[in-house]
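First the structure, in the form of C-alpha coordinates, and then the observations on it.
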Amino acid sequence: MAKKPAFGGYSINFKGRKETVEDVFGSKPIAPSEMTKKLWAFVKGKKLSNK
(Lines give C-alpha, C1' and ligand atoms only; values in the text may rest on other atoms or scores of the structure.)
Protein backbone atom coordinates (compact mmCIF):
# COMPACT_ATOMS: atom_id res chain seq x y z
CA MET A 1 0.00 0.00 0.00
CA ALA A 2 1.36 3.42 -0.98
CA LYS A 3 2.15 5.89 1.77
CA LYS A 4 -0.03 9.02 1.94
CA PRO A 5 1.69 12.38 1.47
CA ALA A 6 2.10 14.52 4.59
CA PHE A 7 -0.81 16.79 5.50
CA GLY A 8 -0.18 20.52 5.20
CA GLY A 9 2.46 21.75 2.85
CA TYR A 10 3.36 25.13 4.29
CA SER A 11 7.02 25.96 4.59
CA ILE A 12 7.60 29.03 6.74
CA ASN A 13 10.91 30.86 6.80
CA PHE A 14 11.66 33.32 9.63
CA LYS A 15 15.31 33.75 8.69
CA GLY A 16 16.48 37.36 8.88
CA ARG A 17 13.38 38.67 10.70
CA LYS A 18 14.03 41.33 13.36
CA GLU A 19 10.58 41.34 15.04
CA THR A 20 10.34 40.19 18.65
CA VAL A 21 7.63 37.96 20.08
CA GLU A 22 6.17 41.04 21.74
CA ASP A 23 5.97 42.76 18.34
CA VAL A 24 3.93 39.88 16.94
CA PHE A 25 1.70 39.00 19.92
CA GLY A 26 1.59 42.23 21.92
CA SER A 27 2.51 42.75 25.56
CA LYS A 28 -0.69 41.48 27.21
CA PRO A 29 -1.33 37.78 27.95
CA ILE A 30 -3.47 36.10 25.28
CA ALA A 31 -5.02 32.65 24.77
CA PRO A 32 -3.24 30.05 22.63
CA SER A 33 -5.96 30.30 19.98
CA GLU A 34 -5.32 34.05 19.67
CA MET A 35 -1.58 33.38 19.42
CA THR A 36 -2.20 31.07 16.48
CA LYS A 37 -4.40 33.65 14.73
CA LYS A 38 -1.85 36.43 15.24
CA LEU A 39 1.04 34.24 14.12
CA TRP A 40 -0.71 33.27 10.86
CA ALA A 41 -1.73 36.89 10.26
CA PHE A 42 1.94 37.85 10.64
CA VAL A 43 3.16 35.05 8.35
CA LYS A 44 0.61 35.87 5.65
CA GLY A 45 1.09 39.64 6.00
CA LYS A 46 4.86 39.37 5.56
CA LYS A 47 4.58 36.63 2.87
CA LEU A 48 6.82 34.21 4.80
CA SER A 49 5.14 30.99 3.59
CA ASN A 50 5.63 29.36 0.22
CA LYS A 51 2.13 28.08 -0.43
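Just remember, in the C-alpha coordinates the first chain shown is A, the second B, etc., residues are 1-based per chain, and ligands are 1-based in the order shown.
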Determine, counting only C-alpha atoms, which protein, DNA and RNA residues have an atom within 10 Å of an atom of Phe42 in chain A; residues of the same chain fewer than 4 positions away are not included. Present the result as a PDB file with N, CA and C atoms, in the first residue's frame.
ATOM      1  N   ASP A  23       6.429  42.049  19.532  1.00  0.00           N
ATOM      2  CA  ASP A  23       5.966  42.764  18.336  1.00  0.00           C
ATOM      3  C   ASP A  23       4.835  42.004  17.643  1.00  0.00           C
ATOM      4  N   VAL A  24       4.925  40.702  17.632  1.00  0.00           N
ATOM      5  CA  VAL A  24       3.935  39.877  16.940  1.00  0.00           C
ATOM      6  C   VAL A  24       2.674  39.687  17.782  1.00  0.00           C
ATOM      7  N   PHE A  25       2.839  39.354  19.066  1.00  0.00           N
ATOM      8  CA  PHE A  25       1.700  38.998  19.917  1.00  0.00           C
ATOM      9  C   PHE A  25       1.196  40.131  20.800  1.00  0.00           C
ATOM     10  N   THR A  36      -2.212  31.713  17.787  1.00  0.00           N
ATOM     11  CA  THR A  36      -2.198  31.074  16.475  1.00  0.00           C
ATOM     12  C   THR A  36      -2.726  32.023  15.411  1.00  0.00           C
ATOM     13  N   LYS A  37      -3.825  32.709  15.694  1.00  0.00           N
ATOM     14  CA  LYS A  37      -4.400  33.651  14.731  1.00  0.00           C
ATOM     15  C   LYS A  37      -3.429  34.776  14.413  1.00  0.00           C
ATOM     16  N   LYS A  38      -2.787  35.331  15.454  1.00  0.00           N
ATOM     17  CA  LYS A  38      -1.852  36.435  15.242  1.00  0.00           C
ATOM     18  C   LYS A  38      -0.605  35.977  14.503  1.00  0.00           C
ATOM     19  N   LYS A  46       3.455  39.176   5.962  1.00  0.00           N
ATOM     20  CA  LYS A  46       4.860  39.369   5.557  1.00  0.00           C
ATOM     21  C   LYS A  46       5.280  38.432   4.429  1.00  0.00           C
ATOM     22  N   LYS A  47       4.331  37.582   3.971  1.00  0.00           N
ATOM     23  CA  LYS A  47       4.581  36.625   2.875  1.00  0.00           C
ATOM     24  C   LYS A  47       5.776  35.717   3.180  1.00  0.00           C
ATOM     25  N   LEU A  48       5.731  35.077   4.370  1.00  0.00           N
ATOM     26  CA  LEU A  48       6.817  34.205   4.803  1.00  0.00           C
ATOM     27  C   LEU A  48       6.591  32.740   4.443  1.00  0.00           C
TER      28      LEU A  48
END
I'd like to know which of A:Ile30, A:Met35, A:Asn50, A:Val43 is closest to Arg17 in chain A, using only C-alpha atoms.
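That would be A:Val43, the residue with the smallest distance to Arg17 in chain A.
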Just asking: which residues within chain A are alpha helix (DSSP H) according to DSSP, as a ChimeraX atom specification?
/A:21-25,32-45
